[in-house]
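K.L.:
Below is the file input-v3.txt, with compact mmCIF, C-alpha atoms.
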# COMPACT_ATOMS: atom_id res chain seq x y z
CA MET A 1 -77.24 59.06 100.57
CA SER A 2 -75.26 59.15 97.37
CA THR A 3 -76.92 58.59 94.02
CA SER A 4 -75.04 55.34 93.55
CA GLU A 5 -76.16 54.10 96.96
CA LYS A 6 -79.74 54.96 96.20
CA THR A 7 -79.80 53.30 92.81
CA ALA A 8 -77.80 50.20 93.74
CA ALA A 9 -80.07 47.20 93.56
CA HIS A 10 -80.77 45.30 96.73
CA VAL A 11 -81.25 41.64 95.96
CA LEU A 12 -82.89 39.81 98.82
CA VAL A 13 -82.71 36.05 98.42
CA GLU A 14 -85.17 34.22 100.65
CA THR A 15 -84.81 30.45 100.95
CA ALA A 16 -86.77 29.64 104.10
CA GLY A 17 -90.37 28.58 104.10
CA TRP A 18 -92.92 31.15 105.21
CA ALA A 19 -95.55 29.85 107.57
CA ALA A 20 -98.94 31.27 106.77
CA ASP A 21 -99.41 32.40 110.35
CA ASP A 22 -95.85 33.42 111.03
CA GLY A 23 -96.57 37.10 111.27
CA ARG A 24 -92.96 37.99 110.68
CA ASP A 25 -93.44 37.57 106.89
CA GLY A 26 -89.87 36.63 106.08
CA PHE A 27 -88.09 39.20 104.03
CA ALA A 28 -91.27 40.99 103.02
CA GLY A 29 -90.90 43.59 105.74
CA ALA A 30 -87.32 44.32 104.80
CA ALA A 31 -88.18 44.51 101.10
CA ARG A 32 -91.06 46.87 101.82
CA ALA A 33 -88.93 49.10 104.05
CA LEU A 34 -86.14 49.36 101.49
CA ALA A 35 -88.50 50.01 98.59
CA GLY A 36 -90.32 52.60 100.67
CA ALA A 37 -87.01 54.36 101.20
CA GLY A 38 -86.56 54.61 97.47
CA HIS A 39 -84.23 51.69 96.82
CA GLN A 40 -84.48 49.29 93.92
CA VAL A 41 -85.37 45.96 95.47
CA VAL A 42 -85.52 42.49 93.98
CA LEU A 43 -86.91 39.70 96.13
CA VAL A 44 -85.85 36.27 94.88
CA LEU A 45 -87.64 33.26 96.29
CA VAL A 46 -85.77 29.97 96.05
CA GLN A 47 -85.94 26.60 97.80
CA ASP A 48 -88.76 26.35 100.36
CA ALA A 49 -89.50 30.05 100.06
CA VAL A 50 -91.27 29.48 96.74
CA CYS A 51 -94.13 27.97 98.75
CA ALA A 52 -95.04 31.54 99.62
CA ILE A 53 -96.94 31.72 96.33
CA ALA A 54 -99.43 29.45 98.07
CA THR A 55 -99.07 30.51 101.71
CA ALA A 56 -98.66 34.23 101.27
CA PRO A 57 -99.84 35.30 97.80
CA GLY A 58 -101.34 38.50 99.12
CA THR A 59 -98.05 39.53 100.71
CA LEU A 60 -96.19 38.93 97.47
CA GLY A 61 -98.79 40.78 95.44
CA ARG A 62 -98.61 43.78 97.78
CA LEU A 63 -94.84 43.81 97.55
CA ALA A 64 -95.05 43.90 93.78
CA GLY A 65 -97.50 46.75 94.11
CA ASP A 66 -95.00 48.55 96.35
CA GLY A 67 -92.42 48.42 93.56
CA VAL A 68 -90.50 45.32 94.64
CA THR A 69 -89.53 42.99 91.83
CA VAL A 70 -90.66 39.56 92.99
CA LEU A 71 -88.98 36.61 91.30
CA VAL A 72 -89.82 32.95 91.94
CA ASP A 73 -87.32 30.25 91.07
CA GLU A 74 -88.98 27.88 88.62
CA PHE A 75 -86.61 25.01 89.40
CA SER A 76 -87.61 25.21 93.08
CA LEU A 77 -91.28 25.19 92.10
CA LEU A 78 -90.77 22.12 89.93
CA GLN A 79 -89.06 20.25 92.74
CA ARG A 80 -92.00 20.99 95.04
CA GLY A 81 -94.72 19.95 92.61
CA LEU A 82 -95.75 23.52 91.99
CA PRO A 83 -94.86 24.09 88.34
CA GLY A 84 -98.32 25.02 87.28
CA ALA A 85 -99.09 27.17 90.29
CA VAL A 86 -100.47 30.58 89.57
CA LEU A 87 -98.09 33.32 90.50
CA PRO A 88 -99.42 36.32 92.38
CA ALA A 89 -99.92 39.37 90.22
CA GLY A 90 -96.61 41.14 89.72
CA ALA A 91 -94.43 38.11 90.45
CA ALA A 92 -92.42 36.44 87.69
CA LEU A 93 -90.61 33.19 87.20
CA THR A 94 -86.84 33.18 87.25
CA ASP A 95 -84.00 30.73 86.78
CA ALA A 96 -80.38 30.24 87.81
CA ASP A 97 -79.06 32.25 84.88
CA ARG A 98 -81.15 35.31 85.70
CA ILE A 99 -80.30 35.05 89.40
CA ALA A 100 -76.64 34.80 88.41
CA GLY A 101 -77.04 37.96 86.40
CA LEU A 102 -78.43 39.72 89.45
CA LEU A 103 -75.56 38.57 91.66
CA LEU A 104 -73.07 39.82 89.09
CA THR A 105 -74.63 43.25 88.66
CA PRO A 106 -72.02 45.89 89.50
CA GLY A 107 -72.69 47.52 92.84
CA VAL A 108 -75.40 45.05 93.80
CA ARG A 109 -76.05 44.38 97.46
CA VAL A 110 -77.11 40.81 98.14
CA VAL A 111 -78.69 39.67 101.38
CA TRP A 112 -79.34 35.94 101.66
CA HIS A 113 -81.71 34.48 104.21
CA MET B 1 -71.52 59.25 106.43
CA SER B 2 -69.09 56.68 107.83
CA HIS B 3 -70.06 53.14 107.07
CA ARG B 4 -69.43 50.13 109.16
CA ALA B 5 -68.58 47.20 106.99
CA LEU B 6 -71.12 44.72 108.18
CA LEU B 7 -74.47 44.21 109.82
CA LEU B 8 -74.50 40.70 111.25
CA VAL B 9 -77.91 39.17 111.96
CA ILE B 10 -78.16 36.17 114.27
CA GLU B 11 -81.43 34.28 114.54
CA HIS B 12 -80.37 31.09 116.28
CA GLY B 13 -79.41 30.79 119.92
CA TYR B 14 -77.46 28.17 121.79
CA ARG B 15 -76.35 25.36 119.51
CA GLY B 16 -74.51 23.07 121.86
CA THR B 17 -71.57 23.04 124.22
CA VAL B 18 -70.20 19.84 122.69
CA GLU B 19 -70.72 20.85 119.07
CA VAL B 20 -70.10 24.57 118.98
CA GLY B 21 -68.30 25.13 122.27
CA PHE B 22 -66.56 28.48 122.38
CA SER B 23 -66.98 29.18 118.67
CA ASP B 24 -70.59 30.34 118.78
CA LEU B 25 -71.81 32.97 116.36
CA LEU B 26 -71.01 35.87 118.69
CA TYR B 27 -67.45 34.58 118.91
CA VAL B 28 -67.45 34.53 115.11
CA CYS B 29 -68.75 38.12 115.16
CA ARG B 30 -65.68 39.18 117.13
CA GLY B 31 -63.48 37.86 114.35
CA LEU B 32 -65.54 39.43 111.59
CA HIS B 33 -65.65 42.76 113.42
CA ARG B 34 -61.89 42.72 113.81
CA GLN B 35 -61.04 41.54 110.32
CA LEU B 36 -63.50 43.45 108.21
CA GLY B 37 -63.47 46.97 109.54
CA GLY B 38 -66.28 46.88 112.03
CA ALA B 39 -69.66 45.30 112.50
CA ASP B 40 -73.00 45.90 114.17
CA ILE B 41 -75.24 43.11 115.38
CA VAL B 42 -78.92 42.24 115.34
CA LEU B 43 -80.28 39.44 117.52
CA ARG B 44 -83.61 37.85 116.57
CA GLY B 45 -85.47 34.63 117.18
CA SER B 46 -83.91 32.42 119.81
CA ALA B 47 -80.71 34.48 119.55
CA VAL B 48 -82.40 37.13 121.73
CA THR B 49 -81.42 34.88 124.63
CA PHE B 50 -77.82 36.01 124.08
CA ALA B 51 -78.88 39.54 124.92
CA VAL B 52 -80.30 38.89 128.37
CA ARG B 53 -78.33 38.60 131.56
CA ALA B 54 -78.04 34.99 132.64
CA ALA B 55 -76.43 32.98 135.41
CA SER B 56 -73.25 31.08 134.72
CA VAL B 57 -73.85 27.61 133.30
CA PRO B 58 -71.94 24.62 134.66
CA PRO B 59 -69.79 22.53 132.33
CA VAL B 60 -71.23 19.44 130.70
CA ARG B 61 -70.13 16.24 132.37
CA ILE B 62 -70.34 13.16 130.18
CA GLY B 63 -69.07 9.89 131.58
CA THR B 64 -65.87 10.38 133.54
CA GLY B 65 -65.05 13.81 132.17
CA PHE B 66 -66.33 17.01 130.72
CA ALA B 67 -67.31 17.48 127.10
CA GLY B 68 -67.09 20.59 125.01
CA ALA B 69 -65.73 24.04 125.68
CA LYS B 70 -67.98 26.29 127.70
CA PRO B 71 -69.71 28.77 125.44
CA ASP B 72 -69.64 32.43 126.46
CA PRO B 73 -71.78 34.33 123.96
CA ARG B 74 -72.68 37.02 126.50
CA GLY B 75 -69.00 37.58 127.20
CA SER B 76 -68.40 37.96 123.47
CA LEU B 77 -71.33 40.36 123.23
CA ARG B 78 -70.01 42.49 126.09
CA GLU B 79 -66.58 42.58 124.49
CA LEU B 80 -68.11 43.71 121.20
CA LEU B 81 -70.14 46.40 122.94
CA ASP B 82 -67.00 47.62 124.73
CA ASP B 83 -65.38 47.88 121.32
CA GLY B 84 -68.09 50.21 120.07
CA VAL B 85 -70.26 47.71 118.26
CA ARG B 86 -73.95 48.61 118.17
CA ALA B 87 -76.31 45.77 119.00
CA TRP B 88 -80.05 45.54 118.69
CA VAL B 89 -82.36 42.82 119.99
CA ASP B 90 -85.82 42.13 118.66
CA GLU B 91 -88.47 43.43 121.06
CA ARG B 92 -91.19 41.10 119.92
CA ASP B 93 -89.03 38.02 120.21
CA LEU B 94 -87.91 39.08 123.70
CA ARG B 95 -91.55 39.39 124.79
CA HIS B 96 -92.38 36.10 123.10
CA LEU B 97 -89.84 34.40 125.37
CA GLY B 98 -91.06 36.24 128.45
CA PHE B 99 -88.12 38.62 128.79
CA GLY B 100 -88.50 42.22 129.82
CA ALA B 101 -86.39 45.16 128.71
CA ASP B 102 -84.92 45.30 132.21
CA GLN B 103 -83.25 41.95 131.62
CA VAL B 104 -81.36 43.06 128.54
CA ILE B 105 -77.60 43.44 128.80
CA GLU B 106 -76.67 47.10 129.08
CA GLY B 107 -75.80 48.57 125.74
CA VAL B 108 -78.06 46.30 123.68
CA VAL B 109 -81.03 48.20 122.28
CA PRO B 110 -84.46 46.56 122.04
CA ALA B 111 -85.99 47.40 118.67
CA ASP B 112 -88.33 46.27 115.92
CA THR B 113 -85.57 44.60 113.96
CA ALA B 114 -87.68 44.31 110.81
CA GLU B 115 -87.80 48.09 110.62
CA LEU B 116 -84.01 48.17 110.91
CA ALA B 117 -83.91 47.12 107.26
CA VAL B 118 -83.94 50.80 106.33
CA ARG B 119 -80.43 50.94 107.73
CA TRP B 120 -79.17 48.11 105.49
CA PRO B 121 -77.86 50.52 102.83
CA ASP B 122 -75.57 51.96 105.53
CA TYR B 123 -73.55 48.76 105.48
CA ARG B 124 -71.33 47.21 102.90
CA GLY B 125 -72.89 43.86 103.70
CA VAL B 126 -75.81 42.44 105.65
CA TRP B 127 -75.08 38.87 106.60
CA PHE B 128 -77.55 36.50 108.19
CA LEU B 129 -75.16 34.17 110.00
CA MET C 1 -56.43 61.01 89.97
CA SER C 2 -56.56 57.72 91.82
CA ARG C 3 -57.91 54.70 90.06
CA ALA C 4 -60.51 52.50 91.58
CA VAL C 5 -59.11 49.10 92.45
CA VAL C 6 -60.71 46.39 90.34
CA PRO C 7 -61.47 43.41 92.53
CA GLU C 8 -59.75 40.22 91.53
CA TRP C 9 -62.99 38.24 91.82
CA ASP C 10 -66.52 39.10 90.75
CA LEU C 11 -68.25 37.03 93.38
CA LEU C 12 -67.52 35.33 96.68
CA ILE C 13 -70.05 32.83 97.95
CA THR C 14 -69.56 32.06 101.63
CA LEU C 15 -71.40 28.83 102.32
CA THR C 16 -71.91 27.93 105.97
CA ALA C 17 -75.20 26.01 105.80
CA PRO C 18 -74.83 22.25 106.09
CA PRO C 19 -75.71 19.92 103.23
CA PHE C 20 -78.84 17.76 103.59
CA GLY C 21 -80.54 20.25 105.91
CA SER C 22 -82.04 21.93 102.85
CA ASP C 23 -81.41 22.12 99.10
CA VAL C 24 -78.91 24.95 99.52
CA VAL C 25 -76.04 22.96 98.01
CA THR C 26 -78.09 22.33 94.89
CA THR C 27 -78.89 26.04 94.72
CA VAL C 28 -75.26 27.07 95.16
CA LEU C 29 -74.02 24.64 92.52
CA ARG C 30 -76.70 25.88 90.10
CA LEU C 31 -75.57 29.45 90.69
CA LEU C 32 -71.89 28.56 90.37
CA ASP C 33 -72.61 26.89 87.05
CA ALA C 34 -74.61 29.88 85.83
CA THR C 35 -72.13 32.53 86.96
CA LEU C 36 -69.16 30.66 85.51
CA ARG C 37 -70.99 30.20 82.21
CA ARG C 38 -71.37 33.98 82.14
CA GLY C 39 -67.60 34.27 82.36
CA ALA C 40 -67.48 35.52 85.92
CA ARG C 41 -64.60 34.91 88.32
CA VAL C 42 -66.10 33.20 91.34
CA GLN C 43 -64.73 31.88 94.58
CA VAL C 44 -66.35 29.87 97.36
CA TRP C 45 -65.48 29.86 101.04
CA ALA C 46 -66.95 26.81 102.79
CA CYS C 47 -67.55 26.81 106.54
CA GLY C 48 -69.23 24.53 109.01
CA TYR C 49 -70.40 21.24 107.57
CA ALA C 50 -70.20 22.70 104.09
CA THR C 51 -66.50 21.89 104.49
CA SER C 52 -67.43 18.24 103.92
CA LEU C 53 -68.54 18.84 100.35
CA THR C 54 -65.07 18.45 98.88
CA LEU C 55 -63.66 15.62 100.97
CA ARG C 56 -61.45 13.19 99.11
CA SER C 57 -63.17 10.34 100.96
CA LEU C 58 -66.39 11.08 99.09
CA GLY C 59 -64.81 9.54 96.03
CA GLU C 60 -66.13 10.13 92.58
CA PHE C 61 -69.63 8.83 93.02
CA LYS C 62 -72.43 8.93 95.54
CA PRO C 63 -73.71 5.59 96.82
CA ALA C 64 -75.57 3.69 94.13
CA ASP C 65 -79.29 3.08 94.04
CA LEU C 66 -79.45 -0.67 94.55
CA ALA C 67 -82.61 -0.73 92.45
CA ASN C 68 -80.67 0.88 89.62
CA PRO C 69 -77.01 0.11 90.27
CA ARG C 70 -75.68 0.96 86.83
CA GLU C 71 -76.65 4.57 87.10
CA ARG C 72 -73.94 6.41 89.03
CA HIS C 73 -74.09 10.00 90.15
CA ARG C 74 -71.16 12.24 90.90
CA SER C 75 -70.32 13.22 94.44
CA THR C 76 -70.15 16.90 95.36
CA ALA C 77 -66.36 16.52 95.48
CA ALA C 78 -66.39 15.28 91.89
CA VAL C 79 -68.71 18.08 90.77
CA VAL C 80 -66.43 20.71 92.30
CA THR C 81 -63.38 19.02 90.80
CA ASP C 82 -65.07 19.18 87.42
CA LEU C 83 -65.79 22.89 87.78
CA LEU C 84 -62.22 23.57 88.90
CA GLY C 85 -60.93 21.73 85.86
CA ALA C 86 -63.23 23.55 83.48
CA HIS C 87 -62.49 26.99 84.93
CA PRO C 88 -58.93 26.82 86.26
CA ASP C 89 -58.42 30.57 86.29
CA ASP C 90 -61.93 31.71 87.16
CA PHE C 91 -63.02 29.47 89.98
CA ALA C 92 -61.62 28.73 93.42
CA TRP C 93 -62.93 26.72 96.36
CA HIS C 94 -61.56 27.38 99.84
CA VAL C 95 -62.31 25.46 103.01
CA CYS C 96 -62.16 27.03 106.45
CA ARG C 97 -59.47 25.12 108.29
CA PHE C 98 -60.98 25.63 111.76
CA CYS C 99 -64.36 24.23 110.73
CA ALA C 100 -62.79 21.42 108.74
CA GLU C 101 -60.52 20.38 111.58
CA ASP C 102 -63.43 20.49 114.03
CA ARG C 103 -65.21 17.99 111.81
CA GLY C 104 -62.26 15.77 110.95
CA ALA C 105 -62.54 16.99 107.40
CA LEU C 106 -59.04 18.05 106.39
CA ASP C 107 -58.34 15.82 103.38
CA HIS C 108 -59.82 17.46 100.33
CA VAL C 109 -59.69 16.82 96.62
CA ASP C 110 -56.91 18.38 94.59
CA GLY C 111 -57.47 22.02 93.81
CA VAL C 112 -59.34 22.78 97.02
CA SER C 113 -57.39 24.76 99.58
CA THR C 114 -57.83 24.85 103.34
CA ARG C 115 -57.37 28.30 104.78
CA SER C 116 -57.16 29.83 108.21
CA PHE C 117 -60.17 31.94 109.18
CA SER C 118 -57.74 34.84 109.41
CA ARG C 119 -57.57 34.69 105.62
CA PHE C 120 -61.33 35.08 105.18
CA ALA C 121 -61.20 38.87 105.15
CA ARG C 122 -58.82 38.73 102.19
CA ARG C 123 -61.40 36.70 100.27
CA VAL C 124 -64.04 39.34 101.00
CA GLU C 125 -61.80 42.26 100.13
CA SER C 126 -60.79 40.65 96.83
CA SER C 127 -64.39 40.18 95.66
CA ALA C 128 -66.72 42.73 94.12
CA THR C 129 -69.75 41.09 95.73
CA THR C 130 -69.98 38.76 98.72
CA VAL C 131 -72.98 36.53 99.22
CA TYR C 132 -73.02 35.15 102.76
CA ILE C 133 -75.16 32.05 103.16
CA GLY C 134 -75.67 31.47 106.85
CA GLY C 135 -77.05 28.48 108.69
CA ALA C 136 -74.00 26.90 110.28
Would you mind writing the structure in this file as structure tokens?

P.N.:
Amino acid sequence: MSTSEKTAAHVLVETAGWAADDGRDGFAGAARALAGAGHQVVLVLVQDAVCAIATAPGTLGRLAGDGVTVLVDEFSLLQRGLPGAVLPAGAALTDADRIAGLLLTPGVRVVWH
Amino acid sequence: MSHRALLLVIEHGYRGTVEVGFSDLLYVCRGLHRQLGGADIVLRGSAVTFAVRAASVPPVRIGTGFAGAKPDPRGSLRELLDDGVRAWVDERDLRHLGFGADQVIEGVVPADTAELAVRWPDYRGVWFL
Amino acid sequence: MSRAVVPEWDLLITLTAPPFGSDVVTTVLRLLDATLRRGARVQVWACGYATSLTLRSLGEFKPADLANPRERHRSTAAVVTDLLGAHPDDFAWHVCRFCAEDRGALDHVDGVSTRSFSRFARRVESSATTVYIGGA
């Protein structure tokens, strides 16, 4: 793997809701696998996926501990009555401008689910 | 390392003879594979049903005639495989629907598709269709 | 020494998910607004029922709230028209002709082009980054 391939950020945008008992854990597995392989990974939760801060906080916290940057769209939280919700440790709020910046990063690889 | 352009992930199965007809997602994959320099495919969720051998389905008769073009996702999948496309199907989702590995179309590889994420950097794009 | 080809567009958003099934259209419009404000060159390829977003028949406004009839809200077609007008050189919206025809959705607002699916690859090749939003 070339240096540029290894350092290119992988931005995983998850929009679907995560059921607490789903077992498949949305993009978490993919994020973990990529981070474990040494890639820079940003997991962006938007739309229904922001509910994971309530349904899967442990998963998000572990991902952050594994080196994944976990970002939660504040606008999506507001729309779902979750503005004051406590984010799991290691997760941070984000907005459209910051997500735009990620999408426009040279060499970025974006996977949208 | 040679890179295929795309990894195409399909999670939804049959979506209607009347609505979708022949232009199901595997048909779309044929176009993307041709146009964009090659593609590999992952089938998950109800889309695993595209990877198992199945009997021919009769056309849909509505009123005095037939409605919709007959979908042929397995035909599209076989054509893609013949063209060198690699295809994986999620093992867990196959089992969940009661399918065994012996029912999978030859050439499609049962796998833990979540673990396939380590291959994502091999592709220019990973598209969930 | 060969020079790397600079893509004509910074970002291609391929939108196949239908409106109303989720808030994906709101998300995409938020991101379009944000990327264009950053000065990026962005194009959209709409497939499936996303082809309906720019129909001329949508008019300028969404249906009014009868409880509050004076307050009018722009249709998606009007929002896209506005963005096209504000960023004439940096923003483009293309509609997949096959999907549009399959849905009787071929009459679009000025500035929106309908394109054969055979032209989709050109959109991808001309963009530095492609974001594919599935769900059709």

K.L.:
In Å to one decimal, how far is atom CA of Val9 of chain B from atom CA of Glu74 of chain A?

P.N.:
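Going from atom CA of Glu74 of chain A over to atom CA of Val9 of chain B, I get 28.2 Å.
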
K.L.:
I'd like to know which of C:Thr27, C:Thr130, C:Thr54, C:Gln43 is closest to Thr81 of chain C, using only C-alpha atoms.

P.N.:
C:Thr54

K.L.:
From the set C:Val131, C:Leu36, C:Ala46, C:Val6, which residue has the shortest atom-to-atom contact distance to His10 of chain A, counting all atoms listed in the file?

P.N.:
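Using all atoms listed in the file, His10 of chain A sits closest to C:Val131.
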
K.L.:
So that I can check the surroundings of Val108 of chain A, please list as an MDAnalysis selection string every protein, DNA and RNA residue that reaches within 12 Å of it, counting only C-alpha atoms and ignoring chain neighbours fewer than 5 positions away.

P.N.:
(chainID A and resid 4:12 39:42 99:103) or (chainID B and resid 121 124:125) or (chainID C and resid 10:11 128:131)

K.L.:
Which residues of chain A are close to chain C, meaning at most 7 Å apart when you count all atoms listed in the file, and how do they look as a list in words?

P.N.:
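Only these qualify: Gln47, Ala96, Asp97, Ala100, Leu104, Val110, Val111 and Trp112 of chain A.
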
K.L.:
Between atom CA of His113 of chain A and atom CA of Gly45 of chain B, what is the spacing in Å?

P.N.:
13.5 Å

K.L.:
Taking (-91.9, 51.7, 104.1) as a centre in this file's frame and 12 Å as the limit, can you find every polymer residue with an atom that close, using only C-alpha atoms, and give them as a PyMOL selection string?

P.N.:
(chain A and resi 28-39+63+66-68) or (chain B and resi 114-118)

K.L.:
Kindly determine which residues of chain C lie within 12 Å of chain B, considering only C-alpha atoms, and give the answer as a PDB file with C-alpha atoms, keeping the file's coordinate frame.

P.N.:
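Saved the output as selection.pdb:
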ATOM      1  CA  ILE C  13     -70.050  32.830  97.950  1.00  0.00           C
ATOM      2  CA  THR C  14     -69.560  32.060 101.630  1.00  0.00           C
ATOM      3  CA  LEU C  15     -71.400  28.830 102.320  1.00  0.00           C
ATOM      4  CA  THR C  16     -71.910  27.930 105.970  1.00  0.00           C
ATOM      5  CA  ALA C  17     -75.200  26.010 105.800  1.00  0.00           C
ATOM      6  CA  CYS C  47     -67.550  26.810 106.540  1.00  0.00           C
ATOM      7  CA  GLY C  48     -69.230  24.530 109.010  1.00  0.00           C
ATOM      8  CA  TYR C  49     -70.400  21.240 107.570  1.00  0.00           C
ATOM      9  CA  PHE C  98     -60.980  25.630 111.760  1.00  0.00           C
ATOM     10  CA  CYS C  99     -64.360  24.230 110.730  1.00  0.00           C
ATOM     11  CA  ASP C 102     -63.430  20.490 114.030  1.00  0.00           C
ATOM     12  CA  ARG C 103     -65.210  17.990 111.810  1.00  0.00           C
ATOM     13  CA  SER C 116     -57.160  29.830 108.210  1.00  0.00           C
ATOM     14  CA  PHE C 117     -60.170  31.940 109.180  1.00  0.00           C
ATOM     15  CA  SER C 118     -57.740  34.840 109.410  1.00  0.00           C
ATOM     16  CA  ARG C 119     -57.570  34.690 105.620  1.00  0.00           C
ATOM     17  CA  PHE C 120     -61.330  35.080 105.180  1.00  0.00           C
ATOM     18  CA  ALA C 121     -61.200  38.870 105.150  1.00  0.00           C
ATOM     19  CA  ARG C 122     -58.820  38.730 102.190  1.00  0.00           C
ATOM     20  CA  ARG C 123     -61.400  36.700 100.270  1.00  0.00           C
ATOM     21  CA  VAL C 124     -64.040  39.340 101.000  1.00  0.00           C
ATOM     22  CA  GLU C 125     -61.800  42.260 100.130  1.00  0.00           C
ATOM     23  CA  ALA C 128     -66.720  42.730  94.120  1.00  0.00           C
ATOM     24  CA  THR C 129     -69.750  41.090  95.730  1.00  0.00           C
ATOM     25  CA  THR C 130     -69.980  38.760  98.720  1.00  0.00           C
ATOM     26  CA  VAL C 131     -72.980  36.530  99.220  1.00  0.00           C
ATOM     27  CA  TYR C 132     -73.020  35.150 102.760  1.00  0.00           C
ATOM     28  CA  ILE C 133     -75.160  32.050 103.160  1.00  0.00           C
ATOM     29  CA  GLY C 134     -75.670  31.470 106.850  1.00  0.00           C
ATOM     30  CA  GLY C 135     -77.050  28.480 108.690  1.00  0.00           C
ATOM     31  CA  ALA C 136     -74.000  26.900 110.280  1.00  0.00           C
TER      32      ALA C 136
END

K.L.:
Between C:Trp45, C:Gly85, C:Asp90, C:His73, which residue has the minimum interatomic distance to Ser113 of chain C, considering all atoms listed in the file?

P.N.:
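Closest to Ser113 of chain C, using all atoms listed in the file: C:Trp45.
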
K.L.:
Need the shell around Ala16 of chain A: protein/DNA/RNA residues with any atom at most 10 Å away, counting only C-alpha atoms. Skip same-chain ones fewer than 3 positions apart. Format as a list in words?

P.N.:
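That gives Val13, Ala19, Gly26, Phe27, Leu45, Val46, Gln47, Asp48, Ala49, Val50, Cys51, Ala52 and His113 of chain A; Ser22 of chain C.
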
K.L.:
What's the separation between atom CA of Val44 of chain C and atom CA of Ala105 of chain C, in Å to one decimal place?

P.N.:
16.8 Å

K.L.:
Name all residues at most 12 Å from segment 83-92 of chain B (count only C-alpha atoms; drop same-chain ones fewer than 4 positions away) and give them as a PyMOL selection string.

P.N.:
(chain A and resi 23-24) or (chain B and resi 4-11+26+29-30+32-34+37-52+76-79+96-116)

K.L.:
Determine, counting all atoms listed in the file, which protein, DNA and RNA residues have an atom within 10 Å of an atom of Ala78 of chain C; residues of the same chain fewer than 6 positions away are not included. Present the result as an NGL selection string.

P.N.:
:C and (53-56 or 58-62 or 84 or 109)

K.L.:
Restricting the output to C-alpha atoms, write the selected residues as a PDB file, keeping the file's coordinate frame.

P.N.:
ATOM      1  CA  LEU C  53     -68.540  18.840 100.350  1.00  0.00           C
ATOM      2  CA  THR C  54     -65.070  18.450  98.880  1.00  0.00           C
ATOM      3  CA  LEU C  55     -63.660  15.620 100.970  1.00  0.00           C
ATOM      4  CA  ARG C  56     -61.450  13.190  99.110  1.00  0.00           C
ATOM      5  CA  LEU C  58     -66.390  11.080  99.090  1.00  0.00           C
ATOM      6  CA  GLY C  59     -64.810   9.540  96.030  1.00  0.00           C
ATOM      7  CA  GLU C  60     -66.130  10.130  92.580  1.00  0.00           C
ATOM      8  CA  PHE C  61     -69.630   8.830  93.020  1.00  0.00           C
ATOM      9  CA  LYS C  62     -72.430   8.930  95.540  1.00  0.00           C
ATOM     10  CA  LEU C  84     -62.220  23.570  88.900  1.00  0.00           C
ATOM     11  CA  VAL C 109     -59.690  16.820  96.620  1.00  0.00           C
TER      12      VAL C 109
END

K.L.:
Can you work out which one of B:Trp120, B:Val60, B:Arg95, B:Phe22 has the shortest atom-to-atom distance to chain A, counting all atoms listed in the file?

P.N.:
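Closest candidate: B:Trp120.
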
K.L.:
Please write as a VMD selection string the list of polymer residues whose atoms come within 12 Å of (-96.1, 23.4, 90.8), counting only C-alpha atoms and keeping to the coordinates of the file.

P.N.:
chain A and resid 50 to 51 53 to 54 72 to 87 93

K.L.:
Kindly indicate which residue among C:Asp107, C:Gly39, C:Ser127, C:Ala50 lies nearest to Ala86 of chain C, using all atoms listed in the file for the distances.

P.N.:
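Closest to Ala86 of chain C, using all atoms listed in the file: C:Gly39.
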
K.L.:
When distances are computed from only C-alpha atoms, which of A:Ala64, A:Thr105, A:Glu14, A:Leu43 shows the smallest separation from Pro88 of chain A?

P.N.:
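The shortest atom-to-atom distance to Pro88 of chain A comes from A:Ala64.
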
K.L.:
Excluding Gly68 of chain B and its own-chain neighbours fewer than 2 positions away, which residues fall within 6 Å of it when counting all atoms listed in the file? Please give them as a PyMOL selection string.

P.N.:
chain B and resi 17-18+21

K.L.:
Would you mind exporting C-alpha atoms of the selected residues as a short mmCIF file (atom, residue, chain, number, x, y, z; two decimals), in the frame of the given file?

P.N.:
data_model
loop_
_atom_site.label_atom_id
_atom_site.label_comp_id
_atom_site.auth_asym_id
_atom_site.auth_seq_id
_atom_site.Cartn_x
_atom_site.Cartn_y
_atom_site.Cartn_z
CA THR B 17 -71.57 23.04 124.22
CA VAL B 18 -70.20 19.84 122.69
CA GLY B 21 -68.30 25.13 122.27
#
